[in-house]
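Raw my_file_24.cif, mmCIF, C-alpha atoms and all ligand atoms:
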data_entry
#
loop_
_atom_site.label_atom_id
_atom_site.label_comp_id
_atom_site.auth_asym_id
_atom_site.auth_seq_id
_atom_site.Cartn_x
_atom_site.Cartn_y
_atom_site.Cartn_z
CA MET F 1 1.40 20.85 19.19
CA ALA F 2 2.48 21.16 15.54
CA LYS F 3 2.30 17.94 13.55
CA ALA F 4 5.24 16.53 11.59
CA LEU F 5 4.13 18.05 8.25
CA GLU F 6 2.17 21.02 9.51
CA GLY F 7 2.68 24.04 7.24
CA ILE F 8 3.35 21.84 4.21
CA ARG F 9 0.87 22.18 1.34
CA VAL F 10 0.35 19.34 -1.13
CA VAL F 11 -1.19 19.63 -4.59
CA ASP F 12 -2.79 16.22 -4.87
CA MET F 13 -3.30 15.26 -8.50
CA THR F 14 -3.66 11.60 -7.66
CA HIS F 15 -6.46 9.20 -8.47
CA VAL F 16 -7.44 5.55 -8.00
CA GLN F 17 -5.43 3.96 -5.15
CA ALA F 18 -1.64 4.25 -5.23
CA GLY F 19 -1.44 8.06 -5.30
CA PRO F 20 -4.35 8.79 -2.93
CA VAL F 21 -2.98 6.44 -0.25
CA CYS F 22 0.32 8.34 -0.31
CA THR F 23 -1.30 11.76 -0.06
CA GLN F 24 -3.61 10.47 2.70
CA LEU F 25 -0.49 9.57 4.71
CA LEU F 26 0.87 13.09 4.08
CA ALA F 27 -2.46 14.52 5.31
CA TRP F 28 -2.40 12.32 8.43
CA MET F 29 1.05 13.71 9.19
CA GLY F 30 -0.46 17.21 9.18
CA ALA F 31 0.02 18.44 5.59
CA ASP F 32 -2.71 20.50 3.92
CA VAL F 33 -3.64 18.22 1.02
CA ILE F 34 -5.68 19.77 -1.79
CA LYS F 35 -7.10 17.19 -4.15
CA ILE F 36 -7.59 18.47 -7.71
CA GLU F 37 -10.54 16.81 -9.40
CA GLN F 38 -12.15 17.00 -12.79
CA PRO F 39 -15.31 19.19 -12.49
CA GLY F 40 -18.50 17.19 -12.10
CA LYS F 41 -16.65 13.84 -12.23
CA GLY F 42 -13.88 13.77 -9.68
CA ASP F 43 -11.67 10.82 -8.88
CA VAL F 44 -13.02 7.79 -10.74
CA THR F 45 -13.16 5.82 -7.47
CA ARG F 46 -15.95 8.09 -6.14
CA SER F 47 -18.36 6.10 -8.28
CA GLN F 48 -16.56 2.73 -8.52
CA LEU F 49 -17.76 -0.27 -6.46
CA ARG F 50 -20.53 1.82 -4.96
CA ASP F 51 -22.46 0.14 -2.14
CA ILE F 52 -25.00 3.00 -1.77
CA PRO F 53 -26.49 4.72 -4.85
CA ASP F 54 -25.17 8.26 -5.54
CA VAL F 55 -22.93 8.24 -2.46
CA ASP F 56 -19.11 8.37 -2.59
CA SER F 57 -17.92 4.77 -2.48
CA LEU F 58 -15.93 3.25 0.37
CA TYR F 59 -13.17 2.86 -2.22
CA PHE F 60 -12.95 6.65 -2.35
CA THR F 61 -13.75 7.53 1.26
CA MET F 62 -11.17 5.11 2.68
CA LEU F 63 -8.33 6.54 0.56
CA ASN F 64 -9.04 10.25 0.76
CA SER F 65 -9.51 11.20 4.42
CA ASN F 66 -8.28 14.52 5.76
CA LYS F 67 -8.09 16.18 2.31
CA ARG F 68 -9.78 19.16 0.68
CA SER F 69 -11.33 18.90 -2.79
CA LEU F 70 -10.92 21.55 -5.50
CA GLU F 71 -12.50 21.07 -8.91
CA LEU F 72 -10.31 22.33 -11.75
CA ASN F 73 -10.63 21.71 -15.45
CA MET F 74 -7.04 21.25 -16.47
CA LYS F 75 -8.00 21.87 -20.09
CA ASP F 76 -9.38 25.35 -19.30
CA GLU F 77 -6.95 28.29 -19.34
CA GLY F 78 -8.62 30.10 -16.40
CA ASP F 79 -8.49 27.01 -14.21
CA LYS F 80 -4.90 26.40 -15.21
CA GLU F 81 -4.03 29.83 -13.84
CA VAL F 82 -5.59 28.82 -10.53
CA PHE F 83 -3.55 25.60 -10.66
CA THR F 84 -0.34 27.51 -11.43
CA GLU F 85 -0.93 29.76 -8.42
CA LEU F 86 -1.58 26.72 -6.26
CA VAL F 87 1.71 25.18 -7.41
CA ARG F 88 3.42 28.46 -6.58
CA GLN F 89 2.01 28.36 -3.06
CA SER F 90 2.68 24.69 -2.36
CA ASP F 91 5.54 22.46 -1.26
CA ILE F 92 4.73 19.15 -2.93
CA LEU F 93 2.90 18.03 -6.08
CA VAL F 94 1.96 14.36 -6.30
CA GLU F 95 0.49 12.77 -9.42
CA ASN F 96 -0.15 9.29 -10.77
CA PHE F 97 -1.64 10.01 -14.16
CA GLY F 98 -0.88 7.83 -17.15
CA PRO F 99 2.47 8.56 -18.86
CA GLY F 100 2.72 12.05 -20.36
CA VAL F 101 -0.62 13.38 -19.06
CA LEU F 102 0.82 16.22 -16.98
CA ASP F 103 3.24 17.15 -19.80
CA ARG F 104 0.25 17.39 -22.16
CA MET F 105 -1.43 19.73 -19.67
CA GLY F 106 1.68 21.94 -20.02
CA TYR F 107 3.25 21.10 -16.65
CA THR F 108 6.59 19.49 -17.48
CA TRP F 109 9.26 19.25 -14.76
CA GLU F 110 11.02 22.21 -16.38
CA ALA F 111 7.82 24.30 -16.36
CA ILE F 112 7.13 23.39 -12.74
CA GLN F 113 10.64 24.36 -11.66
CA GLU F 114 10.09 27.76 -13.23
CA ILE F 115 6.82 28.25 -11.36
CA ASN F 116 8.21 27.09 -8.01
CA PRO F 117 11.84 25.97 -7.72
CA LYS F 118 11.22 24.73 -4.16
CA LEU F 119 8.45 22.34 -5.19
CA ILE F 120 8.94 18.61 -4.75
CA PHE F 121 7.35 17.00 -7.79
CA ALA F 122 6.50 13.35 -7.19
CA SER F 123 5.19 10.97 -9.85
CA LEU F 124 4.12 7.36 -9.65
CA LYS F 125 3.93 5.42 -12.91
CA GLY F 126 3.60 1.77 -13.84
CA PHE F 127 7.13 1.44 -15.15
CA GLY F 128 10.55 3.09 -15.05
CA PRO F 129 12.57 4.25 -18.07
CA GLY F 130 12.72 1.62 -20.84
CA PRO F 131 10.47 -0.26 -23.23
CA LEU F 132 7.43 -0.21 -20.92
CA GLN F 133 7.65 3.43 -19.86
CA ASP F 134 4.62 4.49 -21.89
CA ALA F 135 2.35 1.72 -20.63
CA LYS F 136 -0.50 2.30 -18.21
CA ALA F 137 -0.61 0.07 -15.15
CA TYR F 138 -2.88 -1.19 -12.40
CA GLU F 139 -2.14 -3.16 -9.25
CA ASN F 140 -2.20 -6.62 -10.79
CA ILE F 141 -0.13 -5.56 -13.79
CA ALA F 142 2.55 -4.40 -11.37
CA GLN F 143 2.32 -7.70 -9.47
CA ALA F 144 2.55 -9.62 -12.77
CA THR F 145 5.55 -7.72 -14.11
CA GLY F 146 7.46 -7.23 -10.85
CA GLY F 147 7.86 -10.91 -9.87
CA GLY F 148 4.95 -11.07 -7.41
CA MET F 149 2.53 -13.25 -9.36
CA SER F 150 4.95 -15.88 -10.63
CA THR F 151 6.07 -16.54 -7.06
CA THR F 152 2.62 -16.53 -5.42
CA GLY F 153 0.28 -19.53 -5.22
CA PHE F 154 0.87 -23.25 -5.23
CA PRO F 155 3.28 -24.97 -7.63
CA ASP F 156 0.50 -26.96 -9.32
CA GLY F 157 -1.79 -23.93 -9.75
CA PRO F 158 -1.76 -20.75 -11.86
CA PRO F 159 0.07 -17.55 -10.84
CA VAL F 160 -1.95 -15.67 -8.21
CA VAL F 161 -2.17 -12.01 -7.14
CA ALA F 162 -1.76 -11.13 -3.47
CA GLY F 163 -4.88 -9.91 -1.67
CA ALA F 164 -2.83 -7.17 -0.02
CA GLN F 165 -2.59 -4.33 -2.52
CA ILE F 166 1.16 -4.24 -2.62
CA GLY F 167 1.35 -2.55 -6.04
CA ASP F 168 -0.94 0.31 -5.06
CA SER F 169 -1.00 0.80 -1.29
CA GLY F 170 2.46 -0.81 -0.94
CA ASN F 171 3.97 1.60 -3.43
CA ALA F 172 2.13 4.50 -1.82
CA VAL F 173 4.31 3.88 1.21
CA HIS F 174 7.45 3.87 -0.95
CA LEU F 175 6.31 7.16 -2.45
CA PHE F 176 5.55 8.65 0.97
CA GLY F 177 9.04 7.74 2.21
CA ALA F 178 10.68 9.20 -0.90
CA ILE F 179 8.75 12.47 -0.60
CA CYS F 180 9.66 12.83 3.07
CA ALA F 181 13.35 12.26 2.21
CA ALA F 182 13.15 14.95 -0.50
CA LEU F 183 11.44 17.29 1.95
CA PHE F 184 14.25 16.76 4.43
CA GLN F 185 16.90 17.38 1.75
CA ARG F 186 15.14 20.63 0.89
CA THR F 187 15.86 21.91 4.39
CA HIS F 188 19.58 21.96 3.37
CA THR F 189 19.40 22.73 -0.36
CA HIS F 190 16.40 25.06 -0.29
CA LYS F 191 15.26 23.64 -3.59
CA GLY F 192 12.78 21.03 -4.74
CA GLN F 193 13.49 17.90 -6.70
CA ARG F 194 11.86 15.29 -8.91
CA VAL F 195 10.72 12.11 -7.14
CA GLN F 196 9.79 9.19 -9.38
CA ILE F 197 8.62 5.73 -8.59
CA SER F 198 7.53 2.79 -10.70
CA MET F 199 4.94 0.34 -9.43
CA ARG F 200 6.86 -2.52 -10.98
CA GLY F 201 10.09 -1.42 -9.25
CA GLY F 202 8.24 -1.23 -5.95
CA ILE F 203 6.93 -4.78 -6.36
CA LEU F 204 10.44 -5.96 -7.14
CA ASN F 205 11.63 -4.32 -3.95
CA LEU F 206 8.99 -6.32 -2.07
CA CYS F 207 10.04 -9.50 -3.96
CA ARG F 208 13.64 -9.08 -2.88
CA VAL F 209 13.74 -12.53 -1.22
CA LYS F 210 12.65 -14.20 -4.45
CA ILE F 211 15.57 -12.65 -6.32
CA ARG F 212 17.76 -13.91 -3.45
CA ASP F 213 16.35 -17.40 -4.05
CA HIS F 214 16.84 -17.14 -7.82
CA GLN F 215 20.56 -16.68 -7.29
CA ARG F 216 20.65 -19.56 -4.79
CA LEU F 217 19.36 -21.90 -7.52
CA ASP F 218 22.88 -22.04 -9.01
CA HIS F 219 24.17 -23.62 -5.84
CA GLY F 220 21.67 -26.38 -5.18
CA PRO F 221 17.98 -26.91 -4.41
CA LEU F 222 15.96 -24.54 -2.22
CA ASN F 223 15.44 -27.01 0.60
CA GLU F 224 12.79 -25.00 2.40
CA TYR F 225 10.51 -25.07 -0.70
CA PRO F 226 7.89 -27.85 -0.85
CA MET F 227 9.39 -29.63 -3.89
CA ASP F 228 12.55 -31.54 -4.85
CA GLU F 229 13.02 -30.53 -8.47
CA PHE F 230 13.85 -27.02 -9.63
CA GLY F 231 14.08 -25.38 -13.05
CA ASP F 232 15.86 -22.13 -13.86
CA TYR F 233 13.39 -19.85 -12.07
CA VAL F 234 11.96 -19.62 -8.55
CA PRO F 235 8.76 -21.67 -8.32
CA ARG F 236 5.61 -20.82 -6.38
CA ALA F 237 6.17 -21.95 -2.80
CA GLY F 238 2.61 -22.26 -1.50
CA ASN F 239 2.70 -21.20 2.14
CA ALA F 240 6.40 -21.84 2.73
CA SER F 241 8.05 -19.05 4.64
CA GLY F 242 10.29 -16.70 2.66
CA GLY F 243 12.57 -16.31 5.69
CA GLY F 244 15.28 -18.52 7.15
CA GLN F 245 12.84 -20.55 9.27
CA PRO F 246 10.36 -23.01 7.76
CA GLY F 247 6.67 -22.18 8.13
CA TRP F 248 3.30 -23.47 6.91
CA ALA F 249 -0.43 -22.85 7.36
CA LEU F 250 -1.98 -25.71 9.35
CA LYS F 251 -5.62 -26.70 9.56
CA CYS F 252 -7.41 -26.18 12.86
CA ALA F 253 -10.74 -27.39 14.24
CA GLY F 254 -13.87 -25.87 12.74
CA GLY F 255 -13.27 -26.77 9.13
CA GLY F 256 -13.91 -23.22 7.87
CA GLU F 257 -11.84 -21.88 5.01
CA ASN F 258 -9.93 -19.61 7.37
CA ASP F 259 -9.54 -22.06 10.24
CA TYR F 260 -5.78 -22.17 9.89
CA LEU F 261 -2.81 -21.29 12.06
CA TYR F 262 0.46 -20.23 10.45
CA VAL F 263 3.31 -21.87 12.39
CA VAL F 264 7.04 -21.16 12.14
CA ILE F 265 9.54 -23.72 13.41
CA GLN F 266 12.14 -21.64 15.18
CA PRO F 267 15.19 -23.77 16.10
CA GLN F 268 15.49 -22.44 19.65
CA VAL F 269 11.96 -23.55 20.57
CA TRP F 270 11.87 -26.94 18.81
CA LYS F 271 11.88 -28.77 22.15
CA SER F 272 8.96 -26.84 23.54
CA LEU F 273 7.05 -27.19 20.22
CA ALA F 274 7.58 -30.97 20.26
CA LYS F 275 6.44 -31.16 23.87
CA THR F 276 3.33 -29.00 23.31
CA ILE F 277 2.11 -31.12 20.40
CA GLY F 278 2.61 -34.31 22.43
CA HIS F 279 5.81 -35.53 20.71
CA GLU F 280 8.34 -35.01 23.47
CA GLU F 281 10.29 -38.02 22.14
CA LEU F 282 11.32 -35.91 19.13
CA ALA F 283 12.78 -33.08 21.21
CA ASP F 284 16.30 -34.57 21.18
CA HIS F 285 15.89 -37.15 18.44
CA PRO F 286 18.81 -36.85 15.98
CA ASP F 287 16.43 -36.99 12.97
CA TYR F 288 14.40 -34.02 14.22
CA ALA F 289 16.39 -31.97 16.72
CA THR F 290 18.33 -29.73 14.30
CA PRO F 291 17.15 -27.51 11.41
CA GLY F 292 19.29 -29.52 8.95
CA ALA F 293 17.78 -32.83 10.10
CA ARG F 294 14.24 -31.43 9.90
CA LEU F 295 14.49 -29.97 6.38
CA PRO F 296 13.98 -33.24 4.45
CA ARG F 297 11.16 -34.19 6.86
CA LEU F 298 9.19 -30.96 6.82
CA ILE F 299 6.07 -32.47 5.20
CA GLU F 300 5.98 -35.20 7.87
CA ILE F 301 6.56 -32.65 10.65
CA TRP F 302 3.78 -30.33 9.39
CA ALA F 303 1.43 -33.32 9.36
CA MET F 304 2.36 -34.10 12.98
CA ILE F 305 1.75 -30.54 14.14
CA GLU F 306 -1.47 -30.40 12.13
CA GLU F 307 -2.75 -33.52 13.85
CA TRP F 308 -2.51 -31.48 17.04
CA THR F 309 -3.84 -28.13 15.65
CA GLN F 310 -6.88 -29.90 14.19
CA THR F 311 -8.02 -30.74 17.70
CA LYS F 312 -8.23 -27.03 18.63
CA SER F 313 -9.65 -23.77 17.37
CA LYS F 314 -7.10 -21.50 15.69
CA TRP F 315 -7.38 -19.18 18.71
CA ASP F 316 -6.66 -21.93 21.29
CA ALA F 317 -3.86 -23.42 19.21
CA PHE F 318 -2.37 -19.93 18.89
CA LYS F 319 -2.59 -19.34 22.63
CA GLU F 320 -0.89 -22.61 23.55
CA LEU F 321 1.90 -22.39 21.00
CA ASN F 322 2.43 -18.73 21.76
CA GLU F 323 2.83 -19.58 25.44
CA ALA F 324 5.40 -22.18 24.43
CA GLY F 325 7.35 -19.43 22.61
CA VAL F 326 6.53 -20.76 19.13
CA PRO F 327 6.04 -17.97 16.55
CA CYS F 328 2.60 -18.44 15.00
CA GLY F 329 -0.50 -16.50 13.94
CA PRO F 330 -4.14 -17.37 13.30
CA VAL F 331 -5.41 -16.66 9.77
CA TYR F 332 -7.87 -13.78 10.27
CA SER F 333 -10.86 -13.52 7.97
CA THR F 334 -12.10 -9.98 7.24
CA LYS F 335 -14.90 -10.71 9.74
CA ASP F 336 -12.31 -11.62 12.39
CA ILE F 337 -10.45 -8.38 11.59
CA MET F 338 -13.55 -6.18 11.88
CA GLU F 339 -14.45 -7.78 15.22
CA ASP F 340 -10.94 -7.50 16.68
CA GLU F 341 -11.13 -5.12 19.61
CA GLY F 342 -7.36 -4.70 19.67
CA LEU F 343 -7.33 -3.25 16.15
CA HIS F 344 -10.05 -0.76 17.12
CA ASN F 345 -8.21 0.17 20.32
CA GLU F 346 -4.88 0.72 18.62
CA GLY F 347 -6.47 2.97 15.97
CA MET F 348 -6.01 0.64 13.00
CA LEU F 349 -9.78 0.47 12.56
CA VAL F 350 -11.47 3.83 12.93
CA LYS F 351 -15.11 4.91 12.74
CA VAL F 352 -15.70 8.00 10.62
CA ASP F 353 -18.89 9.94 10.06
CA HIS F 354 -19.86 11.06 6.56
CA PRO F 355 -22.71 13.45 5.64
CA ASP F 356 -24.03 11.21 2.85
CA ARG F 357 -23.22 7.68 3.96
CA GLY F 358 -23.31 7.98 7.76
CA GLU F 359 -20.78 6.08 9.85
CA TYR F 360 -18.26 3.73 8.24
CA VAL F 361 -15.06 2.03 9.29
CA THR F 362 -11.76 2.98 7.72
CA VAL F 363 -8.24 1.65 8.18
CA GLY F 364 -6.02 3.89 10.27
CA CYS F 365 -2.43 5.02 9.94
CA PRO F 366 0.00 2.08 9.99
CA PHE F 367 2.60 3.90 12.08
CA THR F 368 2.61 6.26 15.05
CA LEU F 369 4.71 9.29 15.87
CA SER F 370 4.61 10.28 19.52
CA ASP F 371 4.48 13.97 18.58
CA THR F 372 2.02 13.63 15.69
CA PRO F 373 -1.22 12.02 16.79
CA VAL F 374 -3.37 11.13 13.79
CA GLU F 375 -6.97 12.33 13.82
CA ILE F 376 -8.87 10.86 10.91
CA THR F 377 -11.49 13.10 9.33
CA ARG F 378 -13.83 12.20 6.48
CA SER F 379 -13.04 12.49 2.79
CA PRO F 380 -14.27 15.66 1.06
CA LEU F 381 -17.32 15.84 -1.16
CA LEU F 382 -16.53 16.69 -4.77
CA GLY F 383 -15.58 20.38 -4.95
CA GLU F 384 -16.43 20.91 -1.29
CA HIS F 385 -13.58 23.41 -0.88
CA ASN F 386 -13.76 25.16 -4.25
CA GLU F 387 -14.67 28.50 -2.80
CA GLU F 388 -12.34 28.62 0.18
CA ILE F 389 -9.29 27.52 -1.84
CA ARG F 390 -10.00 29.87 -4.75
CA GLN F 391 -10.38 32.73 -2.28
CA LEU F 392 -7.17 31.78 -0.50
CA LEU F 393 -5.23 31.83 -3.77
CA ALA F 394 -6.86 35.01 -5.04
CA SER F 395 -6.03 36.82 -1.78
CA SER F 396 -2.33 36.66 -2.67
CA ASN F 397 -2.76 37.03 -6.42
CA PRO F 398 -5.30 39.73 -7.39
CA LYS F 399 -4.60 39.04 -11.08
CA LEU F 400 -6.09 35.61 -10.50
CA GLU F 401 -9.29 37.13 -9.21
CA ALA F 402 -9.51 39.14 -12.42
CA ALA F 403 -8.93 35.92 -14.40
CA GLY F 404 -12.03 34.35 -12.97
CA ALA F 405 -11.32 32.80 -9.57
CA GLN F 406 -14.52 33.08 -7.60
N1 LIG F 501 -9.20 18.24 -15.85
C1 LIG F 501 -9.17 17.88 -17.14
N2 LIG F 501 -8.69 16.70 -17.58
C2 LIG F 501 -8.23 15.85 -16.65
C3 LIG F 501 -8.22 16.15 -15.27
C4 LIG F 501 -8.74 17.43 -14.89
N3 LIG F 501 -8.77 17.80 -13.61
N4 LIG F 501 -7.70 15.12 -14.60
C5 LIG F 501 -7.39 14.18 -15.54
N5 LIG F 501 -7.71 14.62 -16.75
C6 LIG F 501 -7.54 13.93 -18.03
C7 LIG F 501 -6.09 13.87 -18.42
O1 LIG F 501 -5.67 15.08 -18.98
C8 LIG F 501 -6.08 12.72 -19.41
O2 LIG F 501 -6.44 13.20 -20.68
P1 LIG F 501 -5.45 13.09 -21.96
O3 LIG F 501 -5.16 11.62 -22.13
O4 LIG F 501 -6.29 13.70 -23.01
O5 LIG F 501 -4.22 13.84 -21.65
C9 LIG F 501 -7.22 11.85 -18.96
O6 LIG F 501 -7.91 12.57 -17.95
C10 LIG F 501 -6.84 10.48 -18.48
O7 LIG F 501 -5.71 10.42 -17.63
P2 LIG F 501 -5.03 9.01 -17.23
O8 LIG F 501 -4.25 9.19 -16.01
O9 LIG F 501 -4.23 8.45 -18.38
O10 LIG F 501 -6.30 8.10 -16.89
P3 LIG F 501 -6.80 6.70 -17.46
O11 LIG F 501 -8.12 6.50 -16.83
O12 LIG F 501 -6.74 6.61 -18.93
O13 LIG F 501 -5.75 5.65 -16.86
C11 LIG F 501 -4.44 4.70 -15.09
C12 LIG F 501 -5.77 5.33 -15.50
C13 LIG F 501 -4.48 4.43 -13.60
C14 LIG F 501 -4.22 3.38 -15.86
C15 LIG F 501 -3.28 5.68 -15.44
O14 LIG F 501 -3.54 6.89 -14.79
C16 LIG F 501 -1.90 5.18 -15.03
O15 LIG F 501 -1.30 4.31 -15.65
N6 LIG F 501 -1.35 5.78 -13.94
C17 LIG F 501 -0.03 5.46 -13.45
C18 LIG F 501 0.00 4.16 -12.66
C19 LIG F 501 -1.07 4.14 -11.61
O16 LIG F 501 -1.14 4.99 -10.77
N7 LIG F 501 -1.91 3.10 -11.68
C20 LIG F 501 -3.05 2.95 -10.79
C21 LIG F 501 -2.64 2.62 -9.46
S1 LIG F 501 -4.02 2.62 -8.37
#

Would it be possible to restate this file's structure as structure tokens?
Amino acid sequence: MAKALEGIRVVDMTHVQAGPVCTQLLAWMGADVIKIEQPGKGDVTRSQLRDIPDVDSLYFTMLNSNKRSLELNMKDEGDKEVFTELVRQSDILVENFGPGVLDRMGYTWEAIQEINPKLIFASLKGFGPGPLQDAKAYENIAQATGGGMSTTGFPDGPPVVAGAQIGDSGNAVHLFGAICAALFQRTHTHKGQRVQISMRGGILNLCRVKIRDHQRLDHGPLNEYPMDEFGDYVPRAGNASGGGQPGWALKCAGGGENDYLYVVIQPQVWKSLAKTIGHEELADHPDYATPGARLPRLIEIWAMIEEWTQTKSKWDAFKELNEAGVPCGPVYSTKDIMEDEGLHNEGMLVKVDHPDRGEYVTVGCPFTLSDTPVEITRSPLLGEHNEEIRQLLASSNPKLEAAGAQ
């Protein structure tokens, strides 16, 4: 059975995290992804955060599955001819170099359109057009400038970055969606287009609810936030829920730093929540029975529920509240995650074999298509596919062979 993107070839000029995660998704959907790497060096992540000497790091192997690696020196004229031929024979080019790098290599959007008018040319940068457009960016810079950091953490503490890599891996998903849309449009227009994404813009998209709250400030306090006084910006809300229902992380038995259960008070199950925690008298009490009545008492209510959760493990508390229909979730440590059989069974944690490092666990594809099963294969060694890709390109361009493809 053909996969969703079978027959699509991707020139992968990405590095670090944001770009490689996008092209890994394209590869999992069946595209032939050819990663261009600097000869002898490769993607900087191959050697960053290494856990085993001289072996490609987990940072690299977990972001570059199912790809082929071709070393090309983009400052060498012969290699640039190979690259030009590859662009000619491909459908998508993805890059996340610093601003202007590809232009300096001679591959402007105009030049690329001349080489292959059907090519979708996708770029991820730190910032969109404007004063910051020439600035480099990393994950936390995107979180700082896109509204993520100022709204994360507790009100009496400093701004905090999210552990989830929303600037890199989060934006990779934005980029993947945009490329797929462009690919679909090409089926009608028969021509490529420019796809551009800024990491800061992507963070802002994910901070949408905070911009909602900013505009609510003009009309009174944000009652679901854990404070009474507000300035002219949205404060850090600790663990308050960003949705319409109040939520908080509550301590459970065990005393470990992740022995917490996140509980949401959903109006329709207030009675069963009150009953489960042993406060049936509050089920119909006028001071507690409606969302409006509960809002000014949230701190007191969290303390009451926590008195109950602290008598149980996070798993038992989860089970009981879940059975009562209360939305809640235990806080999983990375150890809990790695030991979760369900995640292994559903393919979100996958064992992969690697010639240099042996077996390791990677994170699987976060979505499933019934007609495109994902089979995760290991990341390529640096230049592992030099010969086969050069031969493939030379077979349809004999001039290239003469120019040094071997
Ligand atoms: N052959 C020859 N040279 C190559 C090459 C190749 N195959 N691949 C890259 N290079 C060169 C580039 O030409 C460039 O040289 P130049 O500045 O002389 O033109 C150089 O490597 C560095 O490229 P750059 O992308 O600017 O890397 P950097 O290490 O200085 O910066 C980032 C890294 C991530 C900050 C930057 O790439 C960036 O801001 N990217 C956009 C946002 C982003 O993706 N951030 C990271 C998210 S994980």

Could you please extract the residues within 8 Å of ligand LIG 501 (chain F), counting all atoms listed in the file, and hand them back as JSON, numbers by chain? {"F": [13, 14, 15, 16, 17, 18, 19, 36, 37, 38, 39, 42, 44, 71, 72, 73, 74, 75, 76, 96, 97, 98, 99, 100, 101, 102, 104, 105, 124, 125, 126, 135, 136, 137, 138, 139, 167, 168, 169, 198, 199]}

Restricting the calculation to only C-alpha atoms: of F:Asp213, F:Glu346, F:Asp287, F:Glu306, which residue gets closest to Lys251 (chain F)?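 The closest residue to Lys251 (chain F) is F:Glu306.
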
Separation of CA of Ala2 (chain F) from CA of Gln193 (chain F), in Å and rounded to one decimal: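 Atom-to-atom, CA of Ala2 (chain F) and CA of Gln193 (chain F) are spaced 25.0 Å apart.
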
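Take CA of Lys319 (chain F) and CA of Glu307 (chain F): the distance between them is 16.7 Å.
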
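Of the listed residues F:Phe60, F:Phe127, F:Trp308, F:Tyr360, the one whose atoms come nearest to Ala253 (chain F) is F:Trp308, with distances taken using all atoms listed in the file.
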
I'd like the neighbourhood of Val374 (chain F) as a list in words, where a residue qualifies if any of its atoms comes within 12 Å (using all atoms listed in the file), though same-chain residues fewer than 4 positions away should be ignored.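 Answer for this query is Ala2, Lys3, Ala4, Leu5, Gln24, Leu25, Leu26, Ala27, Trp28, Met29, Gly30, Ala31, Ser65, Asn66, Glu346, Gly347, Met348, Val350, Gly364, Cys365, Pro366, Phe367, Thr368, Leu369 and Ser370 of chain F.
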
Tell me, as a PDB file with C-alpha atoms, keeping the file's coordinate frame, which residues lie within 10 Å of Pro355 (chain F), counting all atoms listed in the file; anything in the same chain fewer than 3 positions away does not count.
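Output file result.pdb is given in full below:
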ATOM      1  CA  VAL F  55     -22.930   8.240  -2.460  1.00  0.00           C
ATOM      2  CA  GLY F 358     -23.310   7.980   7.760  1.00  0.00           C
ATOM      3  CA  GLU F 359     -20.780   6.080   9.850  1.00  0.00           C
ATOM      4  CA  ARG F 378     -13.830  12.200   6.480  1.00  0.00           C
ATOM      5  CA  PRO F 380     -14.270  15.660   1.060  1.00  0.00           C
ATOM      6  CA  LEU F 381     -17.320  15.840  -1.160  1.00  0.00           C
TER       7      LEU F 381
END

Tell me which protein, DNA and RNA residues are within 12 Å of Leu206 (chain F), counting only C-alpha atoms, leaving out same-chain ones fewer than 2 positions away, and put them as a VMD selection string. chain F and resid 142 to 143 146 to 149 151 162 165 to 167 170 to 171 173 to 174 199 to 204 208 to 212 242

Output requested as a compact mmCIF listing (two decimals), in the frame of the given file - region 47-56 of chain F, filled out with N, CA and C atoms.
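Result saved to out-v6.txt:
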# COMPACT_ATOMS: atom_id res chain seq x y z
N SER F 47 -17.17 6.83 -7.82
CA SER F 47 -18.36 6.10 -8.28
C SER F 47 -18.07 4.62 -8.56
N GLN F 48 -16.85 4.16 -8.27
CA GLN F 48 -16.56 2.73 -8.52
C GLN F 48 -16.91 1.89 -7.31
N LEU F 49 -17.44 0.69 -7.54
CA LEU F 49 -17.76 -0.27 -6.46
C LEU F 49 -18.68 0.35 -5.42
N ARG F 50 -19.62 1.14 -5.89
CA ARG F 50 -20.53 1.82 -4.96
C ARG F 50 -21.41 0.81 -4.22
N ASP F 51 -21.56 0.99 -2.91
CA ASP F 51 -22.46 0.14 -2.14
C ASP F 51 -23.78 0.86 -1.87
N ILE F 52 -23.78 2.21 -1.98
CA ILE F 52 -25.00 3.00 -1.77
C ILE F 52 -25.15 3.91 -3.00
N PRO F 53 -26.34 3.91 -3.63
CA PRO F 53 -26.49 4.72 -4.85
C PRO F 53 -26.18 6.21 -4.61
N ASP F 54 -25.47 6.82 -5.55
CA ASP F 54 -25.17 8.26 -5.54
C ASP F 54 -24.35 8.75 -4.35
N VAL F 55 -23.76 7.84 -3.61
CA VAL F 55 -22.93 8.24 -2.46
C VAL F 55 -21.48 7.84 -2.75
N ASP F 56 -20.53 8.72 -2.38
CA ASP F 56 -19.11 8.37 -2.59
C ASP F 56 -18.83 6.98 -2.05
